[in-house]
Amino acid sequence: MFHFLGKKEPATKKEETKSDEQKTLAFNRVVELLANSEHSDEEPEFPVEHAPNSMIWRFLRAYSYDSEHAAMKLSKYLRWRASRSYGIDCAVRQINLTTPGVQRQIDTNKAYFLKGKDRSGRDVIIVHVKHHDPKYQSVDEITVFGSYMLLCAEASFPHSSKLEEWDLDLEEQKLCIVFDLHHSSPFAWDLQAAKRIIYILSNFFPERLGVCLLAGAPALFSTVWMVIKPWLNPHTQAKVRFVDIKELGKTFIDPSILPPCLGGTAADAAAAGTVACCSLEALRASTRCRAAAWAGEGARAAWGS
């Protein structure tokens with residue numbers, strides 16, 4: 001079980017520009033550290049020394065090209081994917097619709113993917129906070145569901161051979177997450193679940209958040225934000241924006257793919273109550289071959305299991 005409490009992580013960004021030579025040295029050092037890393041009881045789906053270049057570059061960016069820190073975090077991420085955490089009887093990477101709690105969470109319509117992308121080319125996850133009842137499920141169940149959403153999103157990102165060749169920071173490899181706080185009550189503001197999801201997003205999916213939009217937040221939510229804000233490193237804090245509902249369609253997301261409750265005009269949202277997202281299983285299946293390519297032959301079993 002991976003614990004989400006403990007020492008606060010240091011800020012993952014520094015105001016320092018690295019030269020290409022420094023980046024290359026840092027990359028080679030991570031490769032060396034991974035090759036010499038110790039094995040654990042929770043073996044990843046492929047040897048850590050076979051981690052794809054794109055993954056190494058992403059973790060290096062997240063941790064300011066600190067080779068030791070990036071290598072440690074990357075190894076921890078791969079062990080997390082292989083672990084049986086949160087009370088489930090399968091590896092985290094194998095979470096699917098049949099995993100206890102996942103379909104139950106989907107049925108609440110609290111979170112889903114939009115059919116299209118935001119104006120920066122990022123996949124969009126909508127979270128309707130008003131549909132969340134902390135008493136409806138355990139923190140572990142909401143963690144499993146959140147992990148499922150993030151794993152499926154990551155599997156859907158377009159693969160580019162250029163990502164393997166050099167350090168590229170592409171928006172299409174990131175997420176836009178919209179928390180719809182309109183008409184939500186303090187009873188739905190689940191700090192325990194928020195802390196767990198922040199930990200997972202920060203530690204296991206670094207550099208995957210493009211922007212986090214807190215839409216239609218009631219005035220009272222500002223007090224909750226003061227509690228949540230210190231849990232985020234400064235770089236992530238800068239990606240969080242408070243917006244009103246009208247600004248979503250004007251600035252960030254085309255109204256044609258937004259549900260009416262967020263100022264959009266998506267027809268199937270009116271019919272189904274939510275914007276019909278790609279089935280998460282279909283999303284994963286349609287991108288399995290492309291996603292598997294990120295680690296070569298050693299990782300192909302991961303996305304098929």
# chains A, B, ... in the order shown; residues from 1 in each chain; ligands from 1
call {"tool": "select_by_dssp", "arguments": {"residues": "region 10-215 of chain A", "states": "alpha helix (DSSP H)", "output": "PyMOL selection string"}}
result
chain A and resi 20-35+53-62+67-82+102-107+139-156+161-165+191-204
call {"tool": "select_by_dssp", "arguments": {"residues": "region 11-234 of chain A", "states": "strand (DSSP E)", "output": "number ranges by chain"}}
result
A: 111-117, 123-128, 175-180, 209-215
call {"tool": "closest_residue", "arguments": {"among": "A:Glu171, A:Asp89, A:Asp133, A:Glu247", "to": "Glu207 (chain A)", "atoms": "only C-alpha atoms"}}
result
A:Glu171
call {"tool": "atom_distance", "arguments": {"atom1": "CA of Lys18 (chain A)", "atom2": "CA of Glu68 (chain A)"}}
result
16.2 Å
call {"tool": "closest_residue", "arguments": {"among": "A:Ser161, A:Thr99, A:Ser67, A:Thr251", "to": "Arg119 (chain A)", "atoms": "only C-alpha atoms"}}
result
A:Thr251
call {"tool": "closest_residue", "arguments": {"among": "A:His128, A:Lys135, A:Lys76, A:Lys250", "to": "Ser37 (chain A)", "atoms": "only C-alpha atoms"}}
result
A:Lys76
call {"tool": "residues_around", "arguments": {"residues": "Phe205 (chain A)", "least_positions_apart": "5", "cutoff": "12 Å", "atoms": "only C-alpha atoms", "output": "mmCIF file with C-alpha atoms, in the first residue's frame"}}
result
data_model
loop_
_atom_site.group_PDB
_atom_site.id
_atom_site.type_symbol
_atom_site.label_atom_id
_atom_site.label_comp_id
_atom_site.auth_asym_id
_atom_site.auth_seq_id
_atom_site.Cartn_x
_atom_site.Cartn_y
_atom_site.Cartn_z
ATOM 1 C CA MET A 55 9.132 8.732 -19.595
ATOM 2 C CA ARG A 58 9.104 13.677 -18.370
ATOM 3 C CA PHE A 59 10.287 12.758 -14.890
ATOM 4 C CA ALA A 62 9.159 17.329 -13.300
ATOM 5 C CA LYS A 73 10.398 8.792 -8.509
ATOM 6 C CA LEU A 74 10.272 6.895 -11.790
ATOM 7 C CA LYS A 76 8.443 4.328 -7.453
ATOM 8 C CA TYR A 77 5.891 5.000 -10.206
ATOM 9 C CA LEU A 78 6.599 1.667 -11.902
ATOM 10 C CA TRP A 80 3.064 1.597 -7.885
ATOM 11 C CA ARG A 81 1.668 0.371 -11.203
ATOM 12 C CA GLY A 146 -9.213 8.355 -10.021
ATOM 13 C CA SER A 147 -6.283 6.089 -10.891
ATOM 14 C CA MET A 149 -9.245 7.739 -15.162
ATOM 15 C CA LEU A 150 -5.619 8.885 -15.158
ATOM 16 C CA LEU A 151 -4.255 5.581 -16.460
ATOM 17 C CA CYS A 152 -6.785 5.552 -19.305
ATOM 18 C CA ALA A 153 -6.022 9.178 -20.127
ATOM 19 C CA GLU A 154 -2.305 8.470 -20.232
ATOM 20 C CA ALA A 155 -2.866 5.459 -22.477
ATOM 21 C CA GLN A 173 0.498 14.940 -23.648
ATOM 22 C CA LYS A 174 -1.300 16.723 -20.805
ATOM 23 C CA LEU A 175 -4.764 17.019 -19.299
ATOM 24 C CA ILE A 197 -5.816 12.280 -5.686
ATOM 25 C CA ILE A 198 -3.341 15.167 -5.454
ATOM 26 C CA TYR A 199 -0.719 12.778 -4.149
ATOM 27 C CA ILE A 200 -1.275 10.347 -7.029
ATOM 28 C CA GLY A 210 -1.824 21.129 -18.244
#
call {"tool": "atom_distance", "arguments": {"atom1": "CA of Val224 (chain A)", "atom2": "CA of Asp140 (chain A)"}}
result
21.6 Å
call {"tool": "closest_residue", "arguments": {"among": "A:Phe252, A:Asp123, A:Val144, A:Ala219", "to": "Gly87 (chain A)", "atoms": "only C-alpha atoms"}}
result
A:Val144
